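So this one's run.pdb, PDB, C-alpha atoms:
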```
MODEL        1
ATOM      1  CA  MET V   1       0.000   0.000   0.000
ATOM      2  CA  LYS V   2       1.201   3.509  -0.866
ATOM      3  CA  GLN V   3       1.456   5.869   2.088
ATOM      4  CA  LEU V   4       0.535   9.456   1.265
ATOM      5  CA  PHE V   5       1.673  12.618   3.016
ATOM      6  CA  LEU V   6       0.143  15.927   1.905
ATOM      7  CA  ILE V   7       2.267  19.019   2.536
ATOM      8  CA  ILE V   8       0.379  22.306   2.625
ATOM      9  CA  GLY V   9       1.489  25.874   3.240
ATOM     10  CA  ALA V  10       1.278  29.418   1.972
ATOM     11  CA  PRO V  11       2.953  30.470  -1.280
ATOM     12  CA  GLY V  12       6.613  30.866  -0.301
ATOM     13  CA  SER V  13       6.364  28.562   2.735
ATOM     14  CA  GLY V  14       9.057  26.285   1.305
ATOM     15  CA  LYS V  15       6.817  23.215   1.096
ATOM     16  CA  THR V  16       8.116  22.152  -2.345
ATOM     17  CA  THR V  17      11.774  22.621  -1.378
ATOM     18  CA  ASP V  18      11.226  20.662   1.854
ATOM     19  CA  ALA V  19       9.464  17.779   0.092
ATOM     20  CA  GLN V  20      12.137  17.608  -2.632
ATOM     21  CA  ALA V  21      14.884  17.418  -0.004
ATOM     22  CA  ILE V  22      13.142  14.604   1.876
ATOM     23  CA  ALA V  23      12.576  12.619  -1.329
ATOM     24  CA  LYS V  24      16.228  13.074  -2.311
ATOM     25  CA  ARG V  25      17.428  12.045   1.150
ATOM     26  CA  ASN V  26      15.258   8.887   1.038
ATOM     27  CA  ALA V  27      15.370   8.171  -2.710
ATOM     28  CA  ASP V  28      14.948   4.425  -2.176
ATOM     29  CA  ARG V  29      11.684   4.885  -0.210
ATOM     30  CA  VAL V  30      10.122   8.288  -0.956
ATOM     31  CA  VAL V  31       8.869  10.000  -4.104
ATOM     32  CA  HIS V  32       7.704  13.620  -4.281
ATOM     33  CA  TYR V  33       5.117  15.206  -6.543
ATOM     34  CA  SER V  34       4.183  18.856  -6.636
ATOM     35  CA  THR V  35       0.721  19.422  -8.036
ATOM     36  CA  GLY V  36       2.078  22.673  -9.430
ATOM     37  CA  ASP V  37       4.832  20.811 -11.298
ATOM     38  CA  LEU V  38       2.396  18.196 -12.591
ATOM     39  CA  LEU V  39       0.080  20.922 -13.856
ATOM     40  CA  ARG V  40       2.966  22.966 -15.353
ATOM     41  CA  GLU V  41       4.162  19.856 -17.218
ATOM     42  CA  GLU V  42       0.710  19.700 -18.784
ATOM     43  CA  VAL V  43       0.997  23.389 -19.771
ATOM     44  CA  VAL V  44       4.420  22.802 -21.372
ATOM     45  CA  SER V  45       3.020  19.852 -23.335
ATOM     46  CA  GLY V  46       0.944  22.363 -25.326
ATOM     47  CA  SER V  47      -2.225  20.260 -25.089
ATOM     48  CA  GLU V  48      -5.646  21.909 -25.033
ATOM     49  CA  ARG V  49      -5.940  21.059 -21.347
ATOM     50  CA  GLY V  50      -2.439  22.521 -20.847
ATOM     51  CA  LYS V  51      -3.471  25.812 -22.482
ATOM     52  CA  LEU V  52      -6.522  26.004 -20.217
ATOM     53  CA  ILE V  53      -4.435  25.253 -17.114
ATOM     54  CA  GLY V  54      -1.868  27.871 -18.182
ATOM     55  CA  SER V  55      -4.452  30.634 -18.430
ATOM     56  CA  ILE V  56      -5.884  29.714 -15.012
ATOM     57  CA  ILE V  57      -2.477  29.541 -13.283
ATOM     58  CA  ALA V  58      -1.419  32.886 -14.808
ATOM     59  CA  LYS V  59      -4.283  34.578 -12.916
ATOM     60  CA  GLY V  60      -3.432  32.786  -9.662
ATOM     61  CA  ASP V  61      -6.787  30.983  -9.677
ATOM     62  CA  LEU V  62      -7.485  27.324  -8.938
ATOM     63  CA  VAL V  63      -7.328  24.668 -11.658
ATOM     64  CA  PRO V  64     -10.686  22.817 -11.977
ATOM     65  CA  LEU V  65     -11.150  19.984  -9.521
ATOM     66  CA  ASP V  66     -11.560  17.158 -12.030
ATOM     67  CA  ILE V  67      -8.242  18.001 -13.745
ATOM     68  CA  VAL V  68      -6.348  18.179 -10.447
ATOM     69  CA  ILE V  69      -7.869  14.953  -9.067
ATOM     70  CA  GLN V  70      -7.080  13.084 -12.320
ATOM     71  CA  THR V  71      -3.496  14.346 -12.141
ATOM     72  CA  ILE V  72      -3.030  13.347  -8.497
ATOM     73  CA  ILE V  73      -4.681   9.928  -8.679
ATOM     74  CA  SER V  74      -2.604   9.118 -11.765
ATOM     75  CA  ALA V  75       0.588  10.142  -9.942
ATOM     76  CA  LEU V  76      -0.315   8.067  -6.874
ATOM     77  CA  THR V  77      -1.244   5.004  -8.904
ATOM     78  CA  ASN V  78       1.999   5.157 -10.881
ATOM     79  CA  ALA V  79       4.274   6.154  -7.987
ATOM     80  CA  SER V  80       7.609   4.358  -8.075
ATOM     81  CA  ARG V  81       7.952   4.299  -4.261
ATOM     82  CA  ASP V  82       5.673   3.337  -1.368
ATOM     83  CA  ILE V  83       5.922   6.693   0.439
ATOM     84  CA  VAL V  84       4.497   9.590  -1.576
ATOM     85  CA  LEU V  85       4.784  13.269  -0.692
ATOM     86  CA  ILE V  86       2.465  15.679  -2.519
ATOM     87  CA  ASP V  87       2.795  19.384  -1.871
ATOM     88  CA  GLY V  88       0.412  22.182  -2.692
ATOM     89  CA  TYR V  89      -2.734  20.099  -2.398
ATOM     90  CA  PRO V  90      -5.500  20.427  -1.364
ATOM     91  CA  ARG V  91      -6.093  24.147  -1.889
ATOM     92  CA  SER V  92      -9.859  24.235  -1.416
ATOM     93  CA  ILE V  93     -12.567  22.530   0.610
ATOM     94  CA  GLU V  94     -13.848  20.906  -2.604
ATOM     95  CA  GLN V  95     -10.387  19.523  -3.431
ATOM     96  CA  MET V  96      -9.983  18.225   0.105
ATOM     97  CA  GLN V  97     -13.372  16.499   0.081
ATOM     98  CA  ALA V  98     -12.923  15.091  -3.432
ATOM     99  CA  LEU V  99      -9.520  13.614  -2.587
ATOM    100  CA  HIS V 100     -10.804  12.245   0.723
ATOM    101  CA  THR V 101     -13.742  10.595  -1.073
ATOM    102  CA  LYS V 102     -11.486   9.193  -3.829
ATOM    103  CA  LEU V 103      -9.030   7.777  -1.283
ATOM    104  CA  ALA V 104     -11.865   6.205   0.749
ATOM    105  CA  GLU V 105     -13.084   4.365  -2.381
ATOM    106  CA  GLN V 106      -9.832   2.447  -2.853
ATOM    107  CA  LYS V 107      -7.331   0.334  -0.897
ATOM    108  CA  GLU V 108      -4.061   1.116  -2.740
ATOM    109  CA  VAL V 109      -3.285   4.462  -1.078
ATOM    110  CA  GLU V 110      -3.634   5.571   2.548
ATOM    111  CA  LEU V 111      -3.453   9.211   3.655
ATOM    112  CA  VAL V 112      -1.092   9.051   6.632
ATOM    113  CA  LYS V 113      -0.699  12.742   7.556
ATOM    114  CA  VAL V 114      -1.230  16.300   6.352
ATOM    115  CA  ILE V 115       1.756  18.471   7.254
ATOM    116  CA  GLU V 116       1.297  22.247   7.309
ATOM    117  CA  VAL V 117       4.443  24.355   6.948
ATOM    118  CA  LEU V 118       3.567  27.502   8.916
ATOM    119  CA  VAL V 119       4.898  30.906   7.857
ATOM    120  CA  SER V 120       3.510  34.408   8.394
ATOM    121  CA  GLU V 121       2.008  36.260   5.440
ATOM    122  CA  GLN V 122       4.867  38.781   5.635
ATOM    123  CA  VAL V 123       7.566  36.081   5.397
ATOM    124  CA  ALA V 124       5.692  34.399   2.536
ATOM    125  CA  LYS V 125       5.430  37.697   0.641
ATOM    126  CA  GLU V 126       9.128  38.520   1.115
ATOM    127  CA  ARG V 127      10.134  35.068  -0.126
ATOM    128  CA  VAL V 128       7.844  35.033  -3.182
ATOM    129  CA  LEU V 129       8.560  38.593  -4.309
ATOM    130  CA  GLY V 130      12.248  38.110  -3.548
ATOM    131  CA  ARG V 131      12.555  35.167  -5.931
ATOM    132  CA  ALA V 132      10.468  36.829  -8.710
ATOM    133  CA  ARG V 133      10.690  33.956 -11.161
ATOM    134  CA  GLY V 134       8.000  35.065 -13.541
ATOM    135  CA  ALA V 135       4.527  36.380 -14.173
ATOM    136  CA  ASP V 136       3.042  34.568 -11.174
ATOM    137  CA  ASP V 137       5.285  36.426  -8.730
ATOM    138  CA  ASP V 138       4.000  40.024  -8.764
ATOM    139  CA  VAL V 139       2.285  41.615  -5.747
ATOM    140  CA  GLU V 140      -1.262  41.440  -7.113
ATOM    141  CA  VAL V 141      -0.956  37.762  -8.039
ATOM    142  CA  PHE V 142       0.765  36.985  -4.728
ATOM    143  CA  ASN V 143      -2.111  38.634  -2.847
ATOM    144  CA  ASN V 144      -4.622  36.573  -4.845
ATOM    145  CA  ARG V 145      -2.680  33.355  -4.227
ATOM    146  CA  MET V 146      -2.492  34.139  -0.495
ATOM    147  CA  ARG V 147      -6.245  34.857  -0.369
ATOM    148  CA  VAL V 148      -6.950  31.577  -2.206
ATOM    149  CA  PHE V 149      -4.728  29.761   0.328
ATOM    150  CA  LEU V 150      -6.212  31.395   3.437
ATOM    151  CA  GLU V 151      -9.949  31.206   2.613
ATOM    152  CA  PRO V 152     -10.379  27.454   3.222
ATOM    153  CA  LEU V 153      -7.540  27.044   5.729
ATOM    154  CA  SER V 154      -9.476  27.014   9.024
ATOM    155  CA  GLU V 155     -11.991  24.497   7.672
ATOM    156  CA  MET V 156      -9.187  22.302   6.292
ATOM    157  CA  ARG V 157      -7.349  22.431   9.617
ATOM    158  CA  ALA V 158     -10.549  21.418  11.420
ATOM    159  CA  PHE V 159     -11.308  18.588   8.950
ATOM    160  CA  TYR V 160      -7.843  17.016   9.132
ATOM    161  CA  GLY V 161      -7.383  17.881  12.802
ATOM    162  CA  ASP V 162     -10.607  16.087  13.783
ATOM    163  CA  LYS V 163      -9.320  12.975  11.992
ATOM    164  CA  GLY V 164      -5.958  13.159  13.778
ATOM    165  CA  LEU V 165      -4.194  13.736  10.454
ATOM    166  CA  LEU V 166      -2.864  17.303  10.857
ATOM    167  CA  HIS V 167       0.690  18.075  11.941
ATOM    168  CA  THR V 168       2.261  21.551  11.833
ATOM    169  CA  ILE V 169       5.895  22.529  11.401
ATOM    170  CA  ASN V 170       7.446  25.985  11.891
ATOM    171  CA  GLY V 171       8.524  27.101   8.395
ATOM    172  CA  GLU V 172      10.366  30.226   9.544
ATOM    173  CA  ARG V 173      13.688  28.506  10.243
ATOM    174  CA  THR V 174      16.563  27.373   8.059
ATOM    175  CA  ILE V 175      15.763  24.874   5.320
ATOM    176  CA  GLU V 176      18.068  22.382   7.056
ATOM    177  CA  GLU V 177      16.165  22.610  10.352
ATOM    178  CA  ILE V 178      12.767  22.299   8.679
ATOM    179  CA  VAL V 179      13.809  19.374   6.470
ATOM    180  CA  GLU V 180      15.393  17.560   9.412
ATOM    181  CA  GLU V 181      12.233  17.866  11.513
ATOM    182  CA  MET V 182       9.887  16.969   8.638
ATOM    183  CA  ASN V 183      12.030  14.025   7.538
ATOM    184  CA  THR V 184      12.145  12.580  11.064
ATOM    185  CA  TYR V 185       8.402  13.076  11.430
ATOM    186  CA  VAL V 186       7.497  11.468   8.085
ATOM    187  CA  LEU V 187       9.658   8.410   8.747
ATOM    188  CA  SER V 188       8.223   8.073  12.272
ATOM    189  CA  GLN V 189       4.687   7.913  10.827
ATOM    190  CA  VAL V 190       5.349   5.317   8.120
ATOM    191  CA  LYS V 191       3.548   2.053   8.776
ATOM    192  CA  GLY V 192       5.289  -1.272   8.268
TER     193      GLY V 192
ENDMDL
END
```

Mind turning this structure into structure tokens?
Amino acid sequence: MKQLFLIIGAPGSGKTTDAQAIAKRNADRVVHYSTGDLLREEVVSGSERGKLIGSIIAKGDLVPLDIVIQTIISALTNASRDIVLIDGYPRSIEQMQALHTKLAEQKEVELVKVIEVLVSEQVAKERVLGRARGADDDVEVFNNRMRVFLEPLSEMRAFYGDKGLLHTINGERTIEEIVEEMNTYVLSQVKG
């Protein structure tokens, strides 16, 4: 059975960097997928769906649920390792519920924990605007992305917290400290 860990956090929280480091450190056991990367790969492919995703991402809005769920379930099903880290998902109550429902319908993948990398809005903004990689990193788009992240957050925390699935990590430390803590935690939660 695949063991799934979802890593959530604000734009600029470092969740992708942290997950990549853990997967690299445990390459024989852990694989990492970023929903953002999976969706960007679709954009680069030039497909009709990729063009649609590209226009949605450029505005900082959410990609439609069915496209995201298809992408994630495909990645989980085809994962090359038994421990799977996915960052940047879920981003809405609908995504959370749809994934929870999809996971409950099958026996191949178990959601072990949801890890939230906590950073203040100010730290997130400084990090995102400081890296300024492209069109999705201006102030207006950052503010939209932050709003999209924050709107469902309390309900998501309650949903996963009530199920004993939520774990938080302080994301305002060095990458090394965060990765060390998250790595130890993930490995301590793996079953079997």

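Distances to Gly36 of chain V were evaluated for V:Lys15, V:Arg157, V:Lys125, V:His167 using only C-alpha atoms, and the minimum falls at V:Lys15.
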
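Closest approach to Leu150 of chain V from the set V:Ile73, V:Ile22, V:Leu165, V:Ile8 is made by V:Ile8, with distances taken over all atoms listed in the file.
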
Separation of atom CA of Arg145 of chain V from atom CA of Leu52 of chain V, in Å and rounded to one decimal: 18.0 Å

Could you list, as a CSV table (one decimal) with C-alpha atoms, in the coordinates of the input, every residue within 8 Å of segment 117-120 of chain V, counting all atoms listed in the file and ignoring same-chain residues fewer than 6 positions away?
```csv
chain,number,residue,atom,x,y,z
V,7,ILE,CA,2.3,19.0,2.5
V,8,ILE,CA,0.4,22.3,2.6
V,9,GLY,CA,1.5,25.9,3.2
V,10,ALA,CA,1.3,29.4,2.0
V,13,SER,CA,6.4,28.6,2.7
V,14,GLY,CA,9.1,26.3,1.3
V,15,LYS,CA,6.8,23.2,1.1
V,168,THR,CA,2.3,21.6,11.8
V,169,ILE,CA,5.9,22.5,11.4
V,170,ASN,CA,7.4,26.0,11.9
V,171,GLY,CA,8.5,27.1,8.4
V,172,GLU,CA,10.4,30.2,9.5
```

Tell me which residues the PyMOL selection byres ((chain V and resi 39) around 8) grabs here, as a list in words. Thr35, Gly36, Asp37, Leu38, Arg40, Glu41, Glu42, Val43, Gly50, Ile53, Val68 and Thr71 of chain V

Report as a short mmCIF file (atom, residue, chain, number, x, y, z; two decimals) with C-alpha atoms, in the coordinates of the input the residues that result from applying the PyMOL selection byres ((chain V and resi 84) around 7) to the structure here.
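Full text of selection01.cif as output:
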```
data_model
loop_
_atom_site.label_atom_id
_atom_site.label_comp_id
_atom_site.auth_asym_id
_atom_site.auth_seq_id
_atom_site.Cartn_x
_atom_site.Cartn_y
_atom_site.Cartn_z
CA LYS V 2 1.20 3.51 -0.87
CA GLN V 3 1.46 5.87 2.09
CA LEU V 4 0.54 9.46 1.26
CA PHE V 5 1.67 12.62 3.02
CA VAL V 30 10.12 8.29 -0.96
CA VAL V 31 8.87 10.00 -4.10
CA HIS V 32 7.70 13.62 -4.28
CA ARG V 81 7.95 4.30 -4.26
CA ASP V 82 5.67 3.34 -1.37
CA ILE V 83 5.92 6.69 0.44
CA LEU V 85 4.78 13.27 -0.69
CA ILE V 86 2.46 15.68 -2.52
#
```

Pick the closest to Thr17 of chain V from V:Glu94, V:Asp66, V:Asp87, V:Glu140: which is it, counting all atoms listed in the file? V:Asp87

I need the residue set behind the PyMOL selection byres ((chain V and resi 153) around 12) for this file; please write it as an NGL selection string. :V and (8-10 or 89-93 or 96 or 116 or 118 or 146-152 or 154-161 or 166)

Dump C-alpha atoms for the selected residues as a PDB file, in the frame of the given file?
```pdb
ATOM      1  CA  ILE V   8       0.379  22.306   2.625  1.00  0.00           C
ATOM      2  CA  GLY V   9       1.489  25.874   3.240  1.00  0.00           C
ATOM      3  CA  ALA V  10       1.278  29.418   1.972  1.00  0.00           C
ATOM      4  CA  TYR V  89      -2.734  20.099  -2.398  1.00  0.00           C
ATOM      5  CA  PRO V  90      -5.500  20.427  -1.364  1.00  0.00           C
ATOM      6  CA  ARG V  91      -6.093  24.147  -1.889  1.00  0.00           C
ATOM      7  CA  SER V  92      -9.859  24.235  -1.416  1.00  0.00           C
ATOM      8  CA  ILE V  93     -12.567  22.530   0.610  1.00  0.00           C
ATOM      9  CA  MET V  96      -9.983  18.225   0.105  1.00  0.00           C
ATOM     10  CA  GLU V 116       1.297  22.247   7.309  1.00  0.00           C
ATOM     11  CA  LEU V 118       3.567  27.502   8.916  1.00  0.00           C
ATOM     12  CA  MET V 146      -2.492  34.139  -0.495  1.00  0.00           C
ATOM     13  CA  ARG V 147      -6.245  34.857  -0.369  1.00  0.00           C
ATOM     14  CA  VAL V 148      -6.950  31.577  -2.206  1.00  0.00           C
ATOM     15  CA  PHE V 149      -4.728  29.761   0.328  1.00  0.00           C
ATOM     16  CA  LEU V 150      -6.212  31.395   3.437  1.00  0.00           C
ATOM     17  CA  GLU V 151      -9.949  31.206   2.613  1.00  0.00           C
ATOM     18  CA  PRO V 152     -10.379  27.454   3.222  1.00  0.00           C
ATOM     19  CA  SER V 154      -9.476  27.014   9.024  1.00  0.00           C
ATOM     20  CA  GLU V 155     -11.991  24.497   7.672  1.00  0.00           C
ATOM     21  CA  MET V 156      -9.187  22.302   6.292  1.00  0.00           C
ATOM     22  CA  ARG V 157      -7.349  22.431   9.617  1.00  0.00           C
ATOM     23  CA  ALA V 158     -10.549  21.418  11.420  1.00  0.00           C
ATOM     24  CA  PHE V 159     -11.308  18.588   8.950  1.00  0.00           C
ATOM     25  CA  TYR V 160      -7.843  17.016   9.132  1.00  0.00           C
ATOM     26  CA  GLY V 161      -7.383  17.881  12.802  1.00  0.00           C
ATOM     27  CA  LEU V 166      -2.864  17.303  10.857  1.00  0.00           C
TER      28      LEU V 166
END
```

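Taking all atoms listed in the file into account, Leu65 of chain V lies nearest to V:Leu99 out of the set V:Val44, V:Leu99, V:Ala79, V:Leu111.
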
So which residues fall inside 12 Å of (18.3, 9.9, 3.5) if we count only C-alpha atoms? Mind giving them as a short mmCIF file (atom, residue, chain, number, x, y, z; two decimals) with C-alpha atoms, keeping the file's coordinate frame?
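Writing done, so here's part35.cif:
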```
data_model
loop_
_atom_site.label_atom_id
_atom_site.label_comp_id
_atom_site.auth_asym_id
_atom_site.auth_seq_id
_atom_site.Cartn_x
_atom_site.Cartn_y
_atom_site.Cartn_z
CA GLN V 20 12.14 17.61 -2.63
CA ALA V 21 14.88 17.42 0.00
CA ILE V 22 13.14 14.60 1.88
CA ALA V 23 12.58 12.62 -1.33
CA LYS V 24 16.23 13.07 -2.31
CA ARG V 25 17.43 12.04 1.15
CA ASN V 26 15.26 8.89 1.04
CA ALA V 27 15.37 8.17 -2.71
CA ASP V 28 14.95 4.42 -2.18
CA ARG V 29 11.68 4.88 -0.21
CA VAL V 30 10.12 8.29 -0.96
CA VAL V 179 13.81 19.37 6.47
CA GLU V 180 15.39 17.56 9.41
CA ASN V 183 12.03 14.02 7.54
CA THR V 184 12.14 12.58 11.06
CA VAL V 186 7.50 11.47 8.09
CA LEU V 187 9.66 8.41 8.75
#
```

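Atom CA of Ile115 of chain V is positioned 6.1 Å from atom CA of Leu6 of chain V.
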
Would you compute the distance between atom CA of Glu110 of chain V and atom CA of Ile67 of chain V? Give it in Å to one decimal. 21.0 Å

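Each of V:Glu48, V:Leu129, V:Val123, V:Asn143 was compared to Arg173 of chain V using all atoms listed in the file, and V:Val123 turns out to be the nearest.
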
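Nearest residue to Ile57 of chain V, choosing from V:Thr101, V:Leu76, V:Phe142, V:Gly130 and counting all atoms listed in the file: V:Phe142.
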